[in-house]
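run.cif (mmCIF, C-alpha atoms) appears below.
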data_start
#
loop_
_atom_site.group_PDB
_atom_site.id
_atom_site.type_symbol
_atom_site.label_atom_id
_atom_site.label_comp_id
_atom_site.auth_asym_id
_atom_site.auth_seq_id
_atom_site.Cartn_x
_atom_site.Cartn_y
_atom_site.Cartn_z
ATOM 1 C CA MET A 110 0.000 0.000 0.000
ATOM 2 C CA LYS A 111 1.379 3.406 -1.000
ATOM 3 C CA ASP A 112 2.122 5.991 1.685
ATOM 4 C CA PHE A 113 -0.364 8.846 1.444
ATOM 5 C CA ASN A 114 1.135 12.138 2.600
ATOM 6 C CA GLU A 115 0.050 15.775 2.735
ATOM 7 C CA GLU A 116 1.377 16.487 -0.770
ATOM 8 C CA ASP A 117 -0.692 13.584 -2.147
ATOM 9 C CA ALA A 118 -3.719 14.930 -0.290
ATOM 10 C CA LYS A 119 -3.244 18.398 -1.758
ATOM 11 C CA GLU A 120 -2.914 16.930 -5.254
ATOM 12 C CA GLU A 121 -6.141 14.935 -4.828
ATOM 13 C CA LEU A 122 -7.914 18.035 -3.529
ATOM 14 C CA GLU A 123 -6.869 20.070 -6.570
ATOM 15 C CA LYS A 124 -7.934 17.294 -8.967
ATOM 16 C CA GLY A 125 -11.532 17.739 -7.850
ATOM 17 C CA TYR A 126 -11.795 21.486 -8.392
ATOM 18 C CA SER A 127 -13.416 21.334 -11.834
ATOM 19 C CA LYS A 128 -15.950 18.697 -10.748
ATOM 20 C CA ALA A 129 -16.697 20.796 -7.665
ATOM 21 C CA LYS A 130 -17.432 23.832 -9.825
ATOM 22 C CA THR A 131 -19.794 21.742 -11.973
ATOM 23 C CA ILE A 132 -21.712 20.560 -8.907
ATOM 24 C CA LEU A 133 -21.970 24.096 -7.557
ATOM 25 C CA GLU A 134 -23.457 25.408 -10.808
ATOM 26 C CA ASP A 135 -26.679 23.428 -10.277
ATOM 27 C CA LYS A 136 -28.612 23.727 -6.990
ATOM 28 C CA ASP A 137 -30.325 20.354 -7.463
ATOM 29 C CA LYS A 138 -26.994 18.606 -8.105
ATOM 30 C CA THR A 139 -25.564 20.340 -5.057
ATOM 31 C CA GLU A 140 -28.434 19.201 -2.830
ATOM 32 C CA ARG A 141 -28.281 15.587 -4.089
ATOM 33 C CA PHE A 142 -24.520 15.594 -3.508
ATOM 34 C CA LEU A 143 -24.960 16.902 0.049
ATOM 35 C CA GLN A 144 -27.625 14.284 0.786
ATOM 36 C CA ARG A 145 -25.273 11.518 -0.381
ATOM 37 C CA LEU A 146 -22.585 12.908 1.944
ATOM 38 C CA GLU A 147 -24.961 12.923 4.900
ATOM 39 C CA ASN A 148 -25.974 9.331 4.173
ATOM 40 C CA LYS A 149 -22.336 8.203 4.041
ATOM 41 C CA LEU A 150 -21.564 10.026 7.280
ATOM 42 C CA LYS A 151 -24.339 8.081 9.040
ATOM 43 C CA MET A 152 -22.589 4.800 8.122
ATOM 44 C CA ILE A 153 -19.272 5.697 9.791
ATOM 45 C CA PRO A 154 -19.283 4.650 13.453
ATOM 46 C CA ALA A 155 -16.571 7.011 14.773
ATOM 47 C CA ALA A 156 -15.598 10.010 12.702
ATOM 48 C CA GLY A 157 -12.645 11.466 14.602
ATOM 49 C CA ASN A 158 -11.617 15.135 14.734
ATOM 50 C CA VAL A 159 -11.085 15.760 11.023
ATOM 51 C CA LEU A 160 -14.166 13.927 9.777
ATOM 52 C CA SER A 161 -16.276 15.464 12.547
ATOM 53 C CA MET A 162 -16.042 18.732 10.579
ATOM 54 C CA ILE A 163 -17.908 17.218 7.623
ATOM 55 C CA PRO A 164 -21.395 18.189 8.882
ATOM 56 C CA THR A 165 -20.204 21.798 9.201
ATOM 57 C CA LEU A 166 -18.762 21.698 5.690
ATOM 58 C CA ILE A 167 -22.005 20.221 4.356
ATOM 59 C CA SER A 168 -23.974 22.950 6.126
ATOM 60 C CA LEU A 169 -21.695 25.654 4.724
ATOM 61 C CA VAL A 170 -22.077 24.390 1.140
ATOM 62 C CA ARG A 171 -25.848 24.082 1.589
ATOM 63 C CA SER A 172 -26.122 27.634 2.973
ATOM 64 C CA TYR A 173 -23.991 28.912 0.092
ATOM 65 C CA SER A 174 -26.013 26.992 -2.513
ATOM 66 C CA LYS A 175 -29.315 28.333 -1.153
ATOM 67 C CA GLY A 176 -27.945 31.872 -1.228
ATOM 68 C CA GLU A 177 -28.200 32.221 2.539
ATOM 69 C CA TYR A 178 -24.453 32.668 3.047
ATOM 70 C CA LYS A 179 -22.410 34.364 0.336
ATOM 71 C CA ASP A 180 -19.682 36.040 2.402
ATOM 72 C CA ILE A 181 -17.083 33.471 1.374
ATOM 73 C CA PRO A 182 -14.589 33.244 -1.504
ATOM 74 C CA LEU A 183 -15.588 30.967 -4.370
ATOM 75 C CA GLY A 184 -12.181 29.273 -4.079
ATOM 76 C CA THR A 185 -13.033 28.199 -0.538
ATOM 77 C CA ILE A 186 -16.334 26.654 -1.629
ATOM 78 C CA VAL A 187 -14.635 24.886 -4.548
ATOM 79 C CA ALA A 188 -11.931 23.491 -2.248
ATOM 80 C CA ILE A 189 -14.529 22.243 0.252
ATOM 81 C CA VAL A 190 -16.677 20.582 -2.412
ATOM 82 C CA SER A 191 -13.566 19.026 -3.957
ATOM 83 C CA ALA A 192 -12.551 17.548 -0.582
ATOM 84 C CA LEU A 193 -16.096 16.259 -0.054
ATOM 85 C CA ILE A 194 -16.110 14.684 -3.526
ATOM 86 C CA TYR A 195 -12.941 12.815 -2.601
ATOM 87 C CA TRP A 196 -14.391 11.740 0.743
ATOM 88 C CA LEU A 197 -17.593 10.502 -0.899
ATOM 89 C CA SER A 198 -15.776 8.430 -3.506
ATOM 90 C CA PRO A 199 -15.322 4.807 -2.395
ATOM 91 C CA VAL A 200 -12.548 4.345 -4.955
ATOM 92 C CA ASP A 201 -9.604 6.550 -4.081
ATOM 93 C CA ALA A 202 -5.925 6.220 -3.131
ATOM 94 C CA ILE A 203 -6.793 3.877 -0.246
ATOM 95 C CA PRO A 204 -10.161 2.151 -0.848
ATOM 96 C CA ASP A 205 -12.645 2.828 1.952
ATOM 97 C CA ILE A 206 -13.434 -0.861 2.417
ATOM 98 C CA ILE A 207 -9.968 -1.598 3.855
ATOM 99 C CA PRO A 208 -10.640 -1.872 7.613
ATOM 100 C CA GLY A 209 -8.695 0.595 9.720
ATOM 101 C CA PHE A 210 -6.935 2.213 6.754
ATOM 102 C CA GLY A 211 -9.665 3.075 4.276
ATOM 103 C CA TYR A 212 -10.284 6.563 5.600
ATOM 104 C CA ILE A 213 -6.661 7.657 6.112
ATOM 105 C CA ASP A 214 -6.463 9.301 2.697
ATOM 106 C CA ASP A 215 -9.939 10.809 3.114
ATOM 107 C CA MET A 216 -8.922 12.367 6.430
ATOM 108 C CA ALA A 217 -5.721 13.689 4.844
ATOM 109 C CA VAL A 218 -7.605 15.390 1.994
ATOM 110 C CA ILE A 219 -10.204 16.884 4.372
ATOM 111 C CA GLY A 220 -7.365 17.951 6.701
ATOM 112 C CA VAL A 221 -5.433 19.724 3.926
ATOM 113 C CA CYS A 222 -8.616 21.450 2.826
ATOM 114 C CA LEU A 223 -9.349 22.605 6.372
ATOM 115 C CA LYS A 224 -5.826 24.031 6.663
ATOM 116 C CA LEU A 225 -6.485 26.071 3.523
ATOM 117 C CA VAL A 226 -9.962 27.323 4.447
ATOM 118 C CA LYS A 227 -10.006 27.312 8.267
ATOM 119 C CA SER A 228 -10.582 31.042 8.735
ATOM 120 C CA ASP A 229 -13.499 31.004 6.263
ATOM 121 C CA VAL A 230 -15.070 27.997 8.016
ATOM 122 C CA ASP A 231 -14.623 29.723 11.388
ATOM 123 C CA GLU A 232 -16.388 32.820 10.031
ATOM 124 C CA TYR A 233 -19.248 30.650 8.750
ATOM 125 C CA GLN A 234 -19.608 28.983 12.147
ATOM 126 C CA LYS A 235 -19.838 32.404 13.827
ATOM 127 C CA TRP A 236 -22.455 33.500 11.263
ATOM 128 C CA ARG A 237 -24.444 30.302 11.801
ATOM 129 C CA GLU A 238 -24.421 30.718 15.586
ATOM 130 C CA GLU A 239 -25.517 34.369 15.309
ATOM 131 C CA ASN A 240 -28.366 33.404 12.979
ATOM 132 C CA LYS A 241 -29.506 30.616 15.308
ATOM 133 C CA LYS A 242 -29.802 33.176 18.100
ATOM 134 C CA ILE A 243 -31.827 35.520 15.859
ATOM 135 C CA ILE A 244 -34.160 32.726 14.703
ATOM 136 C CA ASN A 245 -34.644 31.367 18.236
ATOM 137 C CA ALA A 246 -35.225 34.815 19.797
#
Can you present the structure in this file as structure tokens?
Amino acid sequence: MKDFNEEDAKEELEKGYSKAKTILEDKDKTERFLQRLENKLKMIPAAGNVLSMIPTLISLVRSYSKGEYKDIPLGTIVAIVSALIYWLSPVDAIPDIIPGFGYIDDMAVIGVCLKLVKSDVDEYQKWREENKKIINA
């Protein structure tokens, strides 16, 4: 089995940029994609720190797609969708069906993405919390 390092993860992330842009161009495609992600997440027993951010990333993309949250660079959205495409794919550098190892590459790609977009995700989380307070008031 090939070692999967941060450089490999970054390369895989960048490979998905054009597909991510295609998904983002169509709201229905975006929603179906996000639903598939949520379904896959339900099947993973323990997500760990990196994968535990996936629901937030899904929420961010959904809010962006619906036009609720636009205060974010397009490059950030493309990077997030690209990382989620990689995570959703069962056939990647280390196949997901390999027990104990199948998600190592997925976590690496999500981790590299989060390094690149952390401040934007943090800003989204603040926005989401502020809007929850407004809605619940």
Near-A:Ala192 list (10 Å; all atoms listed in the file; drop same-chain fewer than 4 positions) as a PyMOL selection string: chain A and resi 118-119+121-126+129+163+166+186-188+196-197+215-223
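Note that the spacing between atom CA of A:Ser174 and atom CA of A:Lys149 amounts to 20.2 Å.
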Selection: 12 Å around A:Lys136, only C-alpha atoms, excl. self and same-chain fewer than 2 positions, as a PyMOL selection string: chain A and resi 130-134+138-143+170-176
Answer key for the PyMOL selection byres ((chain A and resi 229-236) around 12), residues as a ChimeraX atom specification: /A:162-173,177-186,188-189,222-228,237-243
Can those selected residues be exported to a file as an mmCIF file, keeping the file's coordinate frame so that it contains C-alpha atoms?
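And here is the file that came out, again-v1.cif:
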data_model
loop_
_atom_site.group_PDB
_atom_site.id
_atom_site.type_symbol
_atom_site.label_atom_id
_atom_site.label_comp_id
_atom_site.auth_asym_id
_atom_site.auth_seq_id
_atom_site.Cartn_x
_atom_site.Cartn_y
_atom_site.Cartn_z
ATOM 1 C CA MET A 162 -16.042 18.732 10.579
ATOM 2 C CA ILE A 163 -17.908 17.218 7.623
ATOM 3 C CA PRO A 164 -21.395 18.189 8.882
ATOM 4 C CA THR A 165 -20.204 21.798 9.201
ATOM 5 C CA LEU A 166 -18.762 21.698 5.690
ATOM 6 C CA ILE A 167 -22.005 20.221 4.356
ATOM 7 C CA SER A 168 -23.974 22.950 6.126
ATOM 8 C CA LEU A 169 -21.695 25.654 4.724
ATOM 9 C CA VAL A 170 -22.077 24.390 1.140
ATOM 10 C CA ARG A 171 -25.848 24.082 1.589
ATOM 11 C CA SER A 172 -26.122 27.634 2.973
ATOM 12 C CA TYR A 173 -23.991 28.912 0.092
ATOM 13 C CA GLU A 177 -28.200 32.221 2.539
ATOM 14 C CA TYR A 178 -24.453 32.668 3.047
ATOM 15 C CA LYS A 179 -22.410 34.364 0.336
ATOM 16 C CA ASP A 180 -19.682 36.040 2.402
ATOM 17 C CA ILE A 181 -17.083 33.471 1.374
ATOM 18 C CA PRO A 182 -14.589 33.244 -1.504
ATOM 19 C CA LEU A 183 -15.588 30.967 -4.370
ATOM 20 C CA GLY A 184 -12.181 29.273 -4.079
ATOM 21 C CA THR A 185 -13.033 28.199 -0.538
ATOM 22 C CA ILE A 186 -16.334 26.654 -1.629
ATOM 23 C CA ALA A 188 -11.931 23.491 -2.248
ATOM 24 C CA ILE A 189 -14.529 22.243 0.252
ATOM 25 C CA CYS A 222 -8.616 21.450 2.826
ATOM 26 C CA LEU A 223 -9.349 22.605 6.372
ATOM 27 C CA LYS A 224 -5.826 24.031 6.663
ATOM 28 C CA LEU A 225 -6.485 26.071 3.523
ATOM 29 C CA VAL A 226 -9.962 27.323 4.447
ATOM 30 C CA LYS A 227 -10.006 27.312 8.267
ATOM 31 C CA SER A 228 -10.582 31.042 8.735
ATOM 32 C CA ARG A 237 -24.444 30.302 11.801
ATOM 33 C CA GLU A 238 -24.421 30.718 15.586
ATOM 34 C CA GLU A 239 -25.517 34.369 15.309
ATOM 35 C CA ASN A 240 -28.366 33.404 12.979
ATOM 36 C CA LYS A 241 -29.506 30.616 15.308
ATOM 37 C CA LYS A 242 -29.802 33.176 18.100
ATOM 38 C CA ILE A 243 -31.827 35.520 15.859
#
Atom CA of A:Leu146 to atom CA of A:Ile194, distance in Å rounded to a single decimal: 8.7 Å
Given 4 Å of margin on each side, can you work out the centre and size in Å (one decimal) of an axis-aligned box holding every listed atom of stretch 228-239 of chain A, as JSON?
{"center_x": -18.0, "center_y": 31.2, "center_z": 10.9, "size_x": 22.9, "size_y": 14.4, "size_z": 17.3}
